[in-house]
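Colleague: To be precise about what I am sending: the file is called protein-v4.txt and holds compact mmCIF, C-alpha atoms and all ligand atoms.
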# COMPACT_ATOMS: atom_id res chain seq x y z
CA MET A 118 0.00 0.00 0.00
CA ARG A 119 1.37 3.44 -0.91
CA PRO A 120 2.02 6.00 1.80
CA GLY A 121 -1.09 7.97 2.71
CA GLU A 122 -3.37 5.41 1.16
CA GLU A 123 -6.32 4.12 3.14
CA ARG A 124 -7.03 0.44 3.60
CA PRO A 125 -9.77 -0.29 1.01
CA LEU A 126 -13.24 -0.46 2.55
CA GLU A 127 -16.05 -2.55 1.18
CA GLY A 128 -19.30 -0.96 0.06
CA GLY A 129 -20.11 2.22 -1.79
CA ALA A 130 -19.59 5.84 -0.87
CA CYS A 131 -21.46 9.03 -1.54
CA SER A 132 -19.71 11.36 -3.93
CA GLY A 133 -17.25 13.68 -2.23
CA VAL A 134 -17.23 11.81 1.07
CA SER A 135 -14.67 9.10 1.61
CA GLN A 136 -15.74 5.69 2.81
CA LEU A 137 -13.72 6.19 5.95
CA GLU A 138 -15.59 9.42 6.71
CA LEU A 139 -18.89 7.55 6.33
CA LEU A 140 -17.64 4.92 8.72
CA LYS A 141 -16.76 7.64 11.23
CA LEU A 142 -20.27 9.03 10.92
CA ARG A 143 -21.61 5.57 11.63
CA ALA A 144 -19.47 5.33 14.79
CA ALA A 145 -20.90 8.66 15.98
CA GLU A 146 -24.45 7.49 15.23
CA ARG A 147 -23.93 4.30 17.21
CA ILE A 148 -22.72 6.33 20.17
CA ASP A 149 -25.77 8.59 19.94
CA GLU A 150 -28.06 5.55 19.80
CA ALA A 151 -26.50 4.24 23.02
CA ALA A 152 -26.57 7.68 24.73
CA GLU A 153 -29.23 6.74 27.26
CA ARG A 154 -27.48 3.52 28.34
CA LEU A 155 -24.14 5.32 28.52
CA GLY A 156 -25.58 8.17 30.57
CA ALA A 157 -27.13 5.67 32.99
CA LEU A 158 -23.78 3.87 33.30
CA SER A 159 -22.00 7.08 34.20
CA ARG A 160 -24.73 8.19 36.66
CA ALA A 161 -24.68 4.82 38.41
CA ILE A 162 -20.91 5.13 38.99
CA TRP A 163 -21.22 8.80 40.00
CA SER A 164 -24.02 8.25 42.51
CA GLU A 165 -22.09 5.66 44.53
CA PRO A 166 -18.50 6.95 44.64
CA GLU A 167 -15.84 4.43 45.71
CA LEU A 168 -12.16 4.91 46.53
CA ALA A 169 -9.12 3.39 44.80
CA TYR A 170 -9.11 -0.44 44.68
CA GLU A 171 -12.57 -0.49 46.31
CA GLU A 172 -14.63 0.23 43.19
CA HIS A 173 -16.70 -2.96 43.54
CA ARG A 174 -20.05 -1.45 42.54
CA ALA A 175 -18.55 0.44 39.59
CA HIS A 176 -16.85 -2.80 38.49
CA GLY A 177 -20.25 -4.53 38.64
CA VAL A 178 -22.00 -1.74 36.72
CA LEU A 179 -19.39 -1.77 33.95
CA THR A 180 -19.08 -5.54 33.54
CA ARG A 181 -22.88 -5.91 33.46
CA PHE A 182 -23.02 -3.13 30.87
CA PHE A 183 -20.77 -5.06 28.47
CA GLU A 184 -22.39 -8.41 29.26
CA ARG A 185 -25.81 -6.99 28.38
CA GLU A 186 -24.84 -4.99 25.31
CA PRO A 187 -26.83 -6.26 22.33
CA PRO A 188 -26.43 -8.62 20.56
CA ALA A 189 -26.12 -11.01 23.49
CA ALA A 190 -22.61 -12.23 24.36
CA SER A 191 -20.98 -10.05 21.73
CA TRP A 192 -18.39 -8.90 24.27
CA ALA A 193 -16.12 -11.43 25.96
CA VAL A 194 -16.05 -10.04 29.50
CA GLN A 195 -13.51 -10.98 32.16
CA PRO A 196 -14.58 -9.55 35.54
CA HIS A 197 -11.94 -9.17 38.29
CA TYR A 198 -9.26 -9.18 35.60
CA GLN A 199 -5.84 -9.31 37.38
CA LEU A 200 -7.20 -7.04 40.16
CA ALA A 201 -10.45 -7.40 42.17
CA THR A 202 -11.94 -4.25 40.64
CA ALA A 203 -10.38 -4.34 37.16
CA PHE A 204 -12.03 -5.92 34.12
CA ARG A 205 -11.38 -6.69 30.47
CA ALA A 206 -14.01 -6.79 27.69
CA GLU A 207 -13.07 -7.81 24.14
CA TRP A 208 -14.85 -7.78 20.83
CA GLU A 209 -13.71 -9.02 17.44
CA PRO A 210 -15.71 -8.75 14.24
CA LEU A 211 -17.06 -12.00 12.79
CA GLY A 212 -15.90 -13.26 9.43
CA VAL A 213 -12.35 -11.86 9.46
CA ARG A 214 -10.50 -13.41 6.52
CA ALA A 215 -6.90 -12.55 7.21
CA ALA A 216 -4.98 -15.00 9.34
CA ARG A 217 -2.59 -12.36 10.64
CA ARG A 218 -2.59 -11.05 14.17
CA PRO A 219 -5.41 -8.56 14.73
CA LEU A 220 -4.69 -4.93 15.44
CA GLN A 221 -5.53 -4.51 19.13
CA LEU A 222 -6.94 -1.18 20.24
CA GLY A 223 -7.39 -0.51 23.95
CA PHE A 224 -9.99 1.79 25.50
CA LEU A 225 -9.40 2.58 29.16
CA CYS A 226 -12.07 3.22 31.78
CA GLU A 227 -11.25 4.82 35.15
CA TYR A 228 -13.89 4.91 37.89
CA ASP A 229 -12.36 5.69 41.29
CA ALA A 230 -13.49 8.69 43.32
CA LEU A 231 -11.93 10.97 45.96
CA PRO A 232 -12.34 10.80 49.75
CA GLY A 233 -15.16 13.01 50.99
CA ILE A 234 -16.05 14.73 47.72
CA GLY A 235 -17.08 11.87 45.44
CA HIS A 236 -16.45 12.06 41.71
CA ALA A 237 -14.66 15.40 41.86
CA CYS A 238 -12.25 14.29 39.11
CA GLY A 239 -15.09 13.04 36.88
CA HIS A 240 -13.76 9.50 36.51
CA ASN A 241 -17.35 8.34 35.98
CA LEU A 242 -17.11 10.26 32.70
CA ILE A 243 -13.79 8.59 31.84
CA ALA A 244 -15.56 5.23 32.20
CA GLU A 245 -18.34 6.49 29.94
CA VAL A 246 -15.94 7.83 27.28
CA GLY A 247 -14.03 4.53 27.17
CA ALA A 248 -17.20 2.45 26.89
CA ALA A 249 -18.78 4.80 24.34
CA ALA A 250 -15.72 4.98 22.08
CA ALA A 251 -15.42 1.18 22.08
CA LEU A 252 -19.13 0.82 21.18
CA GLY A 253 -18.65 3.38 18.39
CA VAL A 254 -15.75 1.47 16.81
CA LYS A 255 -17.61 -1.82 17.13
CA GLY A 256 -20.77 -0.30 15.61
CA ALA A 257 -18.86 1.13 12.66
CA LEU A 258 -17.05 -2.14 11.89
CA GLU A 259 -20.24 -4.20 12.20
CA GLY A 260 -21.79 -2.16 9.42
CA LEU A 261 -19.09 -3.01 6.89
CA PRO A 262 -20.70 -4.90 4.00
CA GLY A 263 -17.57 -6.90 3.15
CA PRO A 264 -15.09 -8.86 5.28
CA PRO A 265 -14.00 -6.75 8.25
CA PRO A 266 -10.35 -6.01 8.98
CA PRO A 267 -8.59 -8.08 11.67
CA VAL A 268 -9.16 -5.85 14.68
CA LYS A 269 -9.70 -6.52 18.36
CA VAL A 270 -11.43 -3.86 20.48
CA VAL A 271 -10.27 -4.20 24.09
CA VAL A 272 -11.88 -2.30 26.95
CA LEU A 273 -9.76 -2.27 30.10
CA GLY A 274 -11.27 -1.24 33.40
CA THR A 275 -8.36 0.35 35.26
CA PRO A 276 -9.05 1.08 38.95
CA ALA A 277 -7.15 3.24 41.43
CA GLU A 278 -5.84 6.21 39.47
CA GLU A 279 -6.21 8.69 42.34
CA ASP A 280 -4.21 6.51 44.69
CA GLY A 281 -1.93 3.55 44.12
CA GLY A 282 -1.80 3.34 40.32
CA GLY A 283 -3.98 0.46 39.12
CA LYS A 284 -2.65 0.79 35.58
CA ILE A 285 0.85 0.07 36.87
CA ASP A 286 -0.39 -3.14 38.53
CA LEU A 287 -2.04 -4.05 35.23
CA ILE A 288 1.11 -3.29 33.21
CA GLU A 289 3.09 -5.55 35.56
CA ALA A 290 0.45 -8.27 35.16
CA GLY A 291 0.81 -8.12 31.36
CA ALA A 292 -2.60 -6.55 30.66
CA PHE A 293 -1.15 -4.15 28.08
CA LYS A 294 0.84 -6.80 26.26
CA ASN A 295 -0.22 -7.05 22.60
CA LEU A 296 -2.13 -3.76 22.64
CA ASP A 297 -1.07 -1.57 19.71
CA VAL A 298 -2.61 1.78 20.64
CA VAL A 299 -4.59 2.88 23.71
CA PHE A 300 -7.19 5.60 24.11
CA MET A 301 -8.75 7.41 27.03
CA ALA A 302 -9.86 10.96 27.84
CA HIS A 303 -10.02 12.94 31.07
CA PRO A 304 -12.53 15.64 32.11
CA SER A 305 -11.08 19.12 32.57
CA GLN A 306 -11.93 22.80 32.02
CA GLU A 307 -10.46 22.86 28.50
CA ASN A 308 -10.27 20.76 25.38
CA ALA A 309 -6.67 19.73 24.85
CA ALA A 310 -5.12 16.85 22.94
CA TYR A 311 -2.08 16.80 25.23
CA LEU A 312 -1.08 18.01 28.68
CA PRO A 313 2.45 17.14 29.82
CA ASP A 314 1.47 15.39 33.06
CA VAL A 315 4.59 14.97 35.16
CA ALA A 316 6.43 12.10 36.85
CA GLU A 317 5.80 11.56 40.56
CA HIS A 318 7.48 9.75 43.44
CA ASP A 319 5.83 9.55 46.89
CA VAL A 320 7.53 8.85 50.20
CA ILE A 321 6.54 8.22 53.79
CA VAL A 322 9.25 9.33 56.22
CA LYS A 323 9.32 8.10 59.81
CA TYR A 324 11.56 9.48 62.56
CA TYR A 325 12.16 7.46 65.69
CA GLY A 326 13.41 9.27 68.81
CA LYS A 327 13.00 8.74 72.55
CA ALA A 328 10.24 9.97 74.85
CA SER A 329 11.01 11.83 78.05
CA HIS A 330 9.37 14.34 80.42
CA ALA A 331 9.65 17.63 78.54
CA ALA A 332 10.01 19.76 81.70
CA ALA A 333 11.70 17.45 84.24
CA TYR A 334 14.44 15.80 82.13
CA PRO A 335 14.14 16.81 78.45
CA TRP A 336 17.86 16.02 77.97
CA GLU A 337 16.98 12.35 78.25
CA GLY A 338 14.71 12.60 75.17
CA VAL A 339 15.38 12.44 71.43
CA ASN A 340 12.87 14.69 69.71
CA ALA A 341 11.30 13.18 66.60
CA LEU A 342 9.11 16.25 66.03
CA ASP A 343 12.26 18.37 65.79
CA ALA A 344 13.49 16.04 63.06
CA ALA A 345 10.20 16.47 61.16
CA VAL A 346 10.36 20.26 61.50
CA LEU A 347 14.00 20.37 60.37
CA ALA A 348 13.17 18.12 57.41
CA TYR A 349 10.27 20.40 56.46
CA ASN A 350 12.58 23.42 56.66
CA ASN A 351 15.44 21.69 54.81
CA LEU A 352 13.06 21.03 51.91
CA SER A 353 11.79 24.61 52.01
CA VAL A 354 15.40 25.80 51.70
CA LEU A 355 16.04 23.32 48.87
CA ARG A 356 13.22 24.96 46.86
CA GLN A 357 15.44 27.91 45.94
CA GLN A 358 17.80 25.56 44.10
CA MET A 359 15.04 23.56 42.46
CA LYS A 360 14.15 23.85 38.79
CA PRO A 361 10.93 25.83 38.33
CA THR A 362 9.31 22.70 36.89
CA TRP A 363 9.97 20.60 40.00
CA ARG A 364 7.40 20.29 42.77
CA VAL A 365 7.84 19.18 46.37
CA HIS A 366 4.86 19.12 48.71
CA GLY A 367 4.30 17.41 52.00
CA ILE A 368 2.53 17.23 55.32
CA ILE A 369 3.48 16.30 58.87
CA LYS A 370 1.16 13.40 59.53
CA SER A 371 2.23 12.70 63.08
CA GLY A 372 4.11 15.02 65.45
CA GLY A 373 3.74 13.77 68.99
CA VAL A 374 0.95 13.14 71.46
CA LYS A 375 1.29 15.67 74.28
CA PRO A 376 3.41 18.81 74.86
CA ASN A 377 4.95 17.47 78.07
CA ILE A 378 6.23 14.32 76.37
CA ILE A 379 9.22 14.68 74.06
CA PRO A 380 7.81 13.17 70.82
CA SER A 381 9.40 9.79 70.18
CA TYR A 382 7.81 9.39 66.77
CA SER A 383 6.95 11.62 63.82
CA GLU A 384 5.83 10.95 60.29
CA LEU A 385 5.80 12.97 57.07
CA ILE A 386 4.27 12.26 53.68
CA TYR A 387 5.85 13.95 50.66
CA TYR A 388 5.25 13.95 46.92
CA PHE A 389 8.05 14.83 44.49
CA ARG A 390 7.32 15.70 40.87
CA ALA A 391 9.50 16.44 37.84
CA PRO A 392 8.79 16.66 34.12
CA SER A 393 10.55 13.40 33.30
CA MET A 394 11.70 10.09 34.75
CA LYS A 395 15.25 11.28 34.03
CA GLU A 396 14.94 14.24 36.39
CA LEU A 397 12.81 12.66 39.09
CA PRO A 398 15.64 10.63 40.74
CA VAL A 399 17.80 13.79 40.90
CA LEU A 400 15.10 15.58 42.88
CA THR A 401 14.37 12.51 45.03
CA LYS A 402 18.05 12.17 45.98
CA LYS A 403 18.29 15.82 47.08
CA ALA A 404 15.08 15.48 49.12
CA GLU A 405 16.23 12.28 50.80
CA ASP A 406 19.45 14.02 51.85
CA CYS A 407 17.28 16.66 53.54
CA PHE A 408 15.43 13.95 55.50
CA ARG A 409 18.68 12.25 56.55
CA ALA A 410 20.29 15.53 57.59
CA ALA A 411 17.36 16.15 59.97
CA ALA A 412 17.86 12.72 61.53
CA LEU A 413 21.57 13.38 62.04
CA ALA A 414 20.95 16.78 63.60
CA THR A 415 18.47 15.45 66.15
CA GLY A 416 19.89 12.00 66.84
CA CYS A 417 16.78 10.28 65.54
CA THR A 418 16.78 7.29 63.27
CA VAL A 419 14.95 7.70 59.97
CA GLU A 420 13.07 5.35 57.71
CA ILE A 421 12.26 6.54 54.17
CA LYS A 422 9.78 4.39 52.35
CA GLY A 423 8.93 5.01 48.69
CA GLY A 424 5.38 4.42 47.40
CA ALA A 425 4.61 1.15 45.64
CA HIS A 426 4.61 2.81 42.22
CA ASP A 427 6.11 5.89 40.63
CA TYR A 428 3.83 7.66 38.17
CA TYR A 429 5.69 8.34 34.93
CA ASN A 430 5.31 11.47 32.84
CA VAL A 431 2.85 11.19 29.95
CA LEU A 432 4.70 10.85 26.64
CA PRO A 433 3.20 12.73 23.72
CA ASN A 434 2.37 10.94 20.50
CA LYS A 435 2.09 13.71 17.96
CA SER A 436 0.67 11.63 15.11
CA LEU A 437 -2.12 10.34 17.31
CA TRP A 438 -2.62 13.78 18.80
CA LYS A 439 -2.92 15.35 15.29
CA ALA A 440 -5.47 12.77 14.13
CA TYR A 441 -7.51 13.40 17.29
CA ILE A 442 -7.50 17.19 16.72
CA GLU A 443 -8.64 16.74 13.13
CA ASN A 444 -11.54 14.51 14.17
CA GLY A 445 -12.38 16.69 17.17
CA LYS A 446 -12.57 19.82 15.06
CA LYS A 447 -15.00 18.11 12.68
CA LEU A 448 -17.25 17.51 15.69
CA GLY A 449 -17.03 21.16 16.73
CA ILE A 450 -14.54 20.74 19.57
CA GLU A 451 -12.77 24.03 20.20
CA PHE A 452 -9.25 23.30 21.37
CA ILE A 453 -7.34 25.49 23.78
CA SER A 454 -4.74 26.50 21.17
CA GLU A 455 -3.73 25.78 17.59
CA ASP A 456 -1.62 22.78 18.61
CA ALA A 457 -4.22 21.77 21.25
CA LYS A 458 -1.49 21.48 23.89
CA LEU A 459 -2.33 22.59 27.40
CA ASN A 460 0.72 24.14 29.06
CA GLY A 461 -0.93 25.02 32.33
CA PRO A 462 -0.40 23.41 35.70
CA SER A 463 -0.49 19.67 35.60
CA GLY A 464 -0.64 16.75 37.95
CA SER A 465 0.39 13.15 37.43
CA THR A 466 -1.43 10.09 36.17
CA ASP A 467 -0.71 6.37 35.94
CA PHE A 468 -1.55 6.72 32.24
CA GLY A 469 2.03 8.08 32.03
CA ASN A 470 3.34 4.57 32.75
CA VAL A 471 1.07 3.23 30.00
CA THR A 472 2.66 5.62 27.47
CA PHE A 473 6.05 4.01 28.19
CA VAL A 474 4.80 0.55 27.12
CA VAL A 475 2.30 1.29 24.34
CA PRO A 476 1.53 4.38 22.23
CA GLY A 477 -1.49 6.19 23.63
CA ILE A 478 -3.55 9.35 23.81
CA HIS A 479 -5.00 10.98 26.95
CA PRO A 480 -6.76 14.17 25.84
CA TYR A 481 -8.58 16.48 28.25
CA PHE A 482 -12.14 17.67 27.66
CA TYR A 483 -14.45 20.46 28.78
CA ILE A 484 -17.64 19.25 30.47
CA GLY A 485 -19.74 22.41 30.35
CA SER A 486 -18.47 23.93 33.59
CA ASN A 487 -15.59 26.14 34.69
CA ALA A 488 -15.34 24.38 38.05
CA LEU A 489 -11.89 22.99 38.88
CA ASN A 490 -11.13 19.28 39.31
CA HIS A 491 -11.03 18.02 42.90
CA THR A 492 -13.70 20.48 44.11
CA GLU A 493 -17.31 19.87 45.14
CA GLN A 494 -18.43 22.02 42.21
CA TYR A 495 -16.67 19.64 39.84
CA THR A 496 -18.42 16.67 41.43
CA GLU A 497 -21.72 18.36 40.63
CA ALA A 498 -20.63 19.11 37.04
CA ALA A 499 -19.45 15.52 36.47
CA GLY A 500 -22.91 14.24 37.40
CA SER A 501 -24.84 16.83 35.37
CA GLN A 502 -26.85 16.19 32.23
CA GLU A 503 -24.90 18.97 30.52
CA ALA A 504 -21.64 17.00 30.79
CA GLN A 505 -23.19 14.24 28.67
CA PHE A 506 -22.99 16.12 25.39
CA TYR A 507 -19.28 16.89 25.83
CA THR A 508 -18.48 13.40 27.09
CA LEU A 509 -20.10 11.67 24.12
CA ARG A 510 -18.56 14.13 21.67
CA THR A 511 -15.13 13.27 23.07
CA ALA A 512 -15.92 9.56 22.77
CA LYS A 513 -16.85 10.11 19.11
CA ALA A 514 -13.54 11.88 18.43
CA LEU A 515 -11.66 8.97 20.03
CA ALA A 516 -13.66 6.38 18.05
CA MET A 517 -13.01 8.29 14.82
CA THR A 518 -9.30 8.44 15.63
CA ALA A 519 -9.32 4.70 16.26
CA LEU A 520 -10.90 4.19 12.82
CA ASP A 521 -8.10 6.29 11.31
CA VAL A 522 -5.60 3.97 13.01
CA ILE A 523 -7.40 0.90 11.62
CA PHE A 524 -7.78 2.11 8.06
CA LYS A 525 -4.63 4.20 7.58
CA PRO A 526 -1.64 1.85 7.94
CA GLU A 527 0.63 4.80 7.28
CA LEU A 528 -0.73 6.55 10.39
CA LEU A 529 -0.15 3.46 12.53
CA GLU A 530 3.45 3.33 11.34
CA LYS A 531 3.95 6.98 12.26
CA ILE A 532 2.39 6.42 15.68
CA LYS A 533 4.82 3.55 16.33
CA GLU A 534 7.73 5.65 15.11
CA ASP A 535 6.75 8.57 17.39
CA PHE A 536 6.55 6.13 20.30
CA LYS A 537 10.04 4.79 19.67
CA LEU A 538 11.53 8.28 19.30
CA GLN A 539 9.92 9.43 22.55
CA LEU A 540 11.34 6.47 24.45
CA GLN A 541 14.78 7.20 23.02
CA GLU A 542 14.44 10.83 24.06
CA GLU A 543 13.60 9.72 27.59
CA GLU A 544 16.61 7.35 27.44
CA PHE A 545 14.22 4.74 28.65
CA LEU A 546 14.51 1.10 27.75
CA ASN A 547 11.17 -0.51 27.19
CA THR A 548 11.73 -3.51 29.39
CA VAL A 549 8.17 -4.05 30.63
CA GLU A 550 6.48 -6.75 28.62
ZN ZN B 601 -8.51 12.29 37.40
ZN ZN B 602 -7.88 13.58 40.03
The structure in this file should be written as structure tokens.
Ligand SMILES: [Zn+2]
Ligand SMILES: [Zn+2]
Modeller:
Amino acid sequence: MRPGEERPLEGGACSGVSQLELLKLRAAERIDEAAERLGALSRAIWSEPELAYEEHRAHGVLTRFFEREPPAASWAVQPHYQLATAFRAEWEPLGVRAARRPLQLGFLCEYDALPGIGHACGHNLIAEVGAAAALGVKGALEGLPGPPPPVKVVVLGTPAEEDGGGKIDLIEAGAFKNLDVVFMAHPSQENAAYLPDVAEHDVIVKYYGKASHAAAYPWEGVNALDAAVLAYNNLSVLRQQMKPTWRVHGIIKSGGVKPNIIPSYSELIYYFRAPSMKELPVLTKKAEDCFRAAALATGCTVEIKGGAHDYYNVLPNKSLWKAYIENGKKLGIEFISEDAKLNGPSGSTDFGNVTFVVPGIHPYFYIGSNALNHTEQYTEAAGSQEAQFYTLRTAKALAMTALDVIFKPELLEKIKEDFKLQLQEEEFLNTVE
């Protein structure tokens, strides 16, 4: 096939509109037809918010959704896939002629909420986008009059994004093996194809000292609160020498029990963030020196325990990003800038780790409200009827981009090339299978 050429589709086309464009329209129609079911799915998750790794009801809602999607048993659903609240649902078109390995496209659903404020990050809408986009691709391929291309649509339910990093557990369990491209989208205040979410390392720091009467014989004590305070101040001093793109933020979780007892134990929790996995260890090393210095100064012993998983920065995939913008614009999505890149403040996501093992896209989308993520106002917006239009429009843009990947082999090649170049730039060896 020549560069730029589309994989031939069966069936006729209206004059002036390519067959692929008609197929994209069909995907959008299928999503609209399922709008009520998709809205109910999202509302069910929203109305009973559950924390990371405890999303049992959401897991039930999503797996039942795919099990009941007409026609019966069209999706092969694996509940409790690798993790208690993860799942996998797969669909392959019938009558595929080619014997070669199918192209495997992954659609990711998140569904964990935040403590106290429910779905303030709108992950119920992420679940809806993932499900809707997968239904759209399936619907479009089912309508092909001739033999369908060898494609597998894989929906992965990925729990625990807000805490823990469920996608990292799933990567380690091999869930992303064989996937060629992955898609998801995250609710925001803006429409953006890419936001450079940063790498993150978390630590819990414990100081052990010795209790003593603080008035009668304080010299017998070893003050663990002093160590925590010194550590806090050491890190505050370090900030002047930090790159402007680095972030250090922490709390003193435990600092003693009573003023007349020299605190024998203190505990801090800190998050460190940097734009790349190359820089993150540099920052972590400097911060750990600050913690150790505080222990030395006070005579305490220190224990520094890293979190189970580091969140990696999200790698861009420009070819995928460009295709998404093109499709989004056709649907009337107004992007934040010409290149649709959001350069504002960013957090971290376990989708970053995914982009180190498989090419992927994680665009952000407006949901009809200016409320900020992680606020009660955003919880309200994520459960509103108004958010539905924007959520389904984003799902359509993702489904259309997936169809581009299926029917434009040249695009898939470019996506793979971009992926390789990004990994080289990060000096990162792709060792995770
Ligand atoms: Zn989120
Ligand atoms: Zn969040």
Colleague: Mind running chain A against ligand ZN 601 (chain B) at 7 Å and telling me each contacting residue's nearest atom pair with the distance in Å (one decimal), counting only C-alpha atoms and all ligand atoms, chain and number ascending, as CSV?
Modeller:
residue,atom,partner,partner_atom,distance
A:Cys238,CA,B:ZN601,ZN,4.6
A:Gly239,CA,B:ZN601,ZN,6.6
A:His240,CA,B:ZN601,ZN,6.0
A:Glu278,CA,B:ZN601,ZN,7.0
A:Glu279,CA,B:ZN601,ZN,6.5
A:His303,CA,B:ZN601,ZN,6.5
Colleague: Quick one: residues within 12 Å of A:Phe224, all atoms listed in the file counted, chain neighbours fewer than 5 positions away excluded, as a ChimeraX atom specification?
Modeller: /A:204-208,243-255,269-275,293,296-302,468,477-479,512,515-516,518-519
Colleague: Given only C-alpha atoms and all ligand atoms, how would the per-residue table for chain A near ligand ZN 602 (chain B) read, listing every residue at most 10 Å away with its closest atom pair and distance in Å to one decimal, sorted by chain and number, as a tab-separated table?
Modeller:
residue	atom	partner	partner_atom	distance
A:Asp229	CA	B:ZN602	ZN	9.2
A:Ala230	CA	B:ZN602	ZN	8.1
A:Leu231	CA	B:ZN602	ZN	7.6
A:His236	CA	B:ZN602	ZN	8.9
A:Ala237	CA	B:ZN602	ZN	7.3
A:Cys238	CA	B:ZN602	ZN	4.5
A:Gly239	CA	B:ZN602	ZN	7.9
A:His240	CA	B:ZN602	ZN	8.0
A:Glu278	CA	B:ZN602	ZN	7.7
A:Glu279	CA	B:ZN602	ZN	5.7
A:Asp280	CA	B:ZN602	ZN	9.2
A:His303	CA	B:ZN602	ZN	9.2
A:Pro304	CA	B:ZN602	ZN	9.4
A:Ser305	CA	B:ZN602	ZN	9.8
A:Gly464	CA	B:ZN602	ZN	8.2
A:Ser465	CA	B:ZN602	ZN	8.7
A:Thr466	CA	B:ZN602	ZN	8.3
A:Asn490	CA	B:ZN602	ZN	6.6
A:His491	CA	B:ZN602	ZN	6.2
A:Thr492	CA	B:ZN602	ZN	9.9
Colleague: Please determine, counting all atoms listed in the file, which residue among A:Glu153, A:Asp406, A:Glu530, A:Asp456 has the shortest atom-to-atom distance to A:Leu347.
Modeller: A:Asp406
Colleague: Can you list, as a PyMOL selection string, every protein, DNA or RNA residue that comes within 6 Å of stretch 358-371 of chain A when you count only C-alpha atoms, leaving out same-chain residues fewer than 6 positions away?
Modeller: chain A and resi 383-391
Colleague: If we count only C-alpha atoms and set the cut-off at 12 Å, which residues sit around A:Pro267, ignoring sequence neighbours fewer than 2 positions away in its own chain? Please answer as a compact mmCIF listing (two decimals) with C-alpha atoms, keeping the file's coordinate frame.
Modeller:
# COMPACT_ATOMS: atom_id res chain seq x y z
CA ARG A 124 -7.03 0.44 3.60
CA TRP A 208 -14.85 -7.78 20.83
CA GLU A 209 -13.71 -9.02 17.44
CA PRO A 210 -15.71 -8.75 14.24
CA LEU A 211 -17.06 -12.00 12.79
CA GLY A 212 -15.90 -13.26 9.43
CA VAL A 213 -12.35 -11.86 9.46
CA ARG A 214 -10.50 -13.41 6.52
CA ALA A 215 -6.90 -12.55 7.21
CA ALA A 216 -4.98 -15.00 9.34
CA ARG A 217 -2.59 -12.36 10.64
CA ARG A 218 -2.59 -11.05 14.17
CA PRO A 219 -5.41 -8.56 14.73
CA LEU A 220 -4.69 -4.93 15.44
CA GLN A 221 -5.53 -4.51 19.13
CA LEU A 222 -6.94 -1.18 20.24
CA LEU A 258 -17.05 -2.14 11.89
CA PRO A 264 -15.09 -8.86 5.28
CA PRO A 265 -14.00 -6.75 8.25
CA LYS A 269 -9.70 -6.52 18.36
CA VAL A 270 -11.43 -3.86 20.48
CA ILE A 523 -7.40 0.90 11.62
CA PHE A 524 -7.78 2.11 8.06
Colleague: To one decimal in Å, tell me the separation between atom CA of A:Ile421 and atom CA of A:Ser393.
Modeller: 22.0 Å
Colleague: Tell me which of A:Glu171, A:Tyr382, A:Pro462, A:Lys533 sits closest to A:Pro232, counting only C-alpha atoms.
Modeller: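 Smallest separation from A:Pro232 among the options: A:Glu171.
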Colleague: Taking 5 positions as the minimum chain separation for residues in the same chain, which residues sit within 7 Å of stretch 500-506 of chain A when counting only C-alpha atoms? Answer as a list in words.
Modeller: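 Counting only the stated atoms, we get Gly156, Arg160, Trp163, Ile484 and Gly485 of chain A.
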Colleague: Could you tell me how far atom CA of A:Ala348 lies from atom CA of A:Asp467, in Å and to one decimal?
Modeller: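 Going from atom CA of A:Ala348 over to atom CA of A:Asp467, I get 28.1 Å.
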Colleague: Would you mind reading off the distance between atom CA of A:Tyr507 and atom CA of A:Ser164, one decimal, in Å?
Modeller: 19.4 Å
Colleague: With all atoms of stretch 324-334 of chain A from the file as input, state the centre and edge lengths in Å to one decimal of the axis-aligned box that has 5 Å extra on each side, as AutoDock Vina command-line options.
Modeller:
--center_x 11.9 --center_y 13.6 --center_z 73.4 --size_x 15.1 --size_y 22.3 --size_z 31.7
Colleague: Check which residues of stretch 306-361 of chain A sit at most 9 Å from stretch 407-411 of chain A using all atoms listed in the file, and return one row each with the closest pair of atoms and their distance in Å to one decimal, ordered by chain and rising number, as a tab-separated table.
Modeller:
residue	atom	partner	partner_atom	distance
A:Val322	CA	A:Phe408	CA	7.7
A:Asp343	CA	A:Ala411	CA	8.1
A:Ala344	CA	A:Ala411	CA	5.0
A:Ala345	CA	A:Ala411	CA	7.3
A:Val346	CA	A:Ala411	CA	8.3
A:Leu347	CA	A:Ala411	CA	5.4
A:Ala348	CA	A:Phe408	CA	5.1
A:Tyr349	CA	A:Phe408	CA	8.3
A:Asn350	CA	A:Cys407	CA	8.8
A:Asn351	CA	A:Cys407	CA	5.5
A:Leu352	CA	A:Cys407	CA	6.3
A:Leu355	CA	A:Cys407	CA	8.2
Colleague: Include C-alpha atoms and write out the residues we just selected as a PDB file, in the frame of the given file.
Modeller:
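Resulting contents of part_39.pdb:
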ATOM      1  CA  VAL A 322       9.250   9.330  56.220  1.00  0.00           C
ATOM      2  CA  ASP A 343      12.260  18.370  65.790  1.00  0.00           C
ATOM      3  CA  ALA A 344      13.490  16.040  63.060  1.00  0.00           C
ATOM      4  CA  ALA A 345      10.200  16.470  61.160  1.00  0.00           C
ATOM      5  CA  VAL A 346      10.360  20.260  61.500  1.00  0.00           C
ATOM      6  CA  LEU A 347      14.000  20.370  60.370  1.00  0.00           C
ATOM      7  CA  ALA A 348      13.170  18.120  57.410  1.00  0.00           C
ATOM      8  CA  TYR A 349      10.270  20.400  56.460  1.00  0.00           C
ATOM      9  CA  ASN A 350      12.580  23.420  56.660  1.00  0.00           C
ATOM     10  CA  ASN A 351      15.440  21.690  54.810  1.00  0.00           C
ATOM     11  CA  LEU A 352      13.060  21.030  51.910  1.00  0.00           C
ATOM     12  CA  LEU A 355      16.040  23.320  48.870  1.00  0.00           C
TER      13      LEU A 355
END
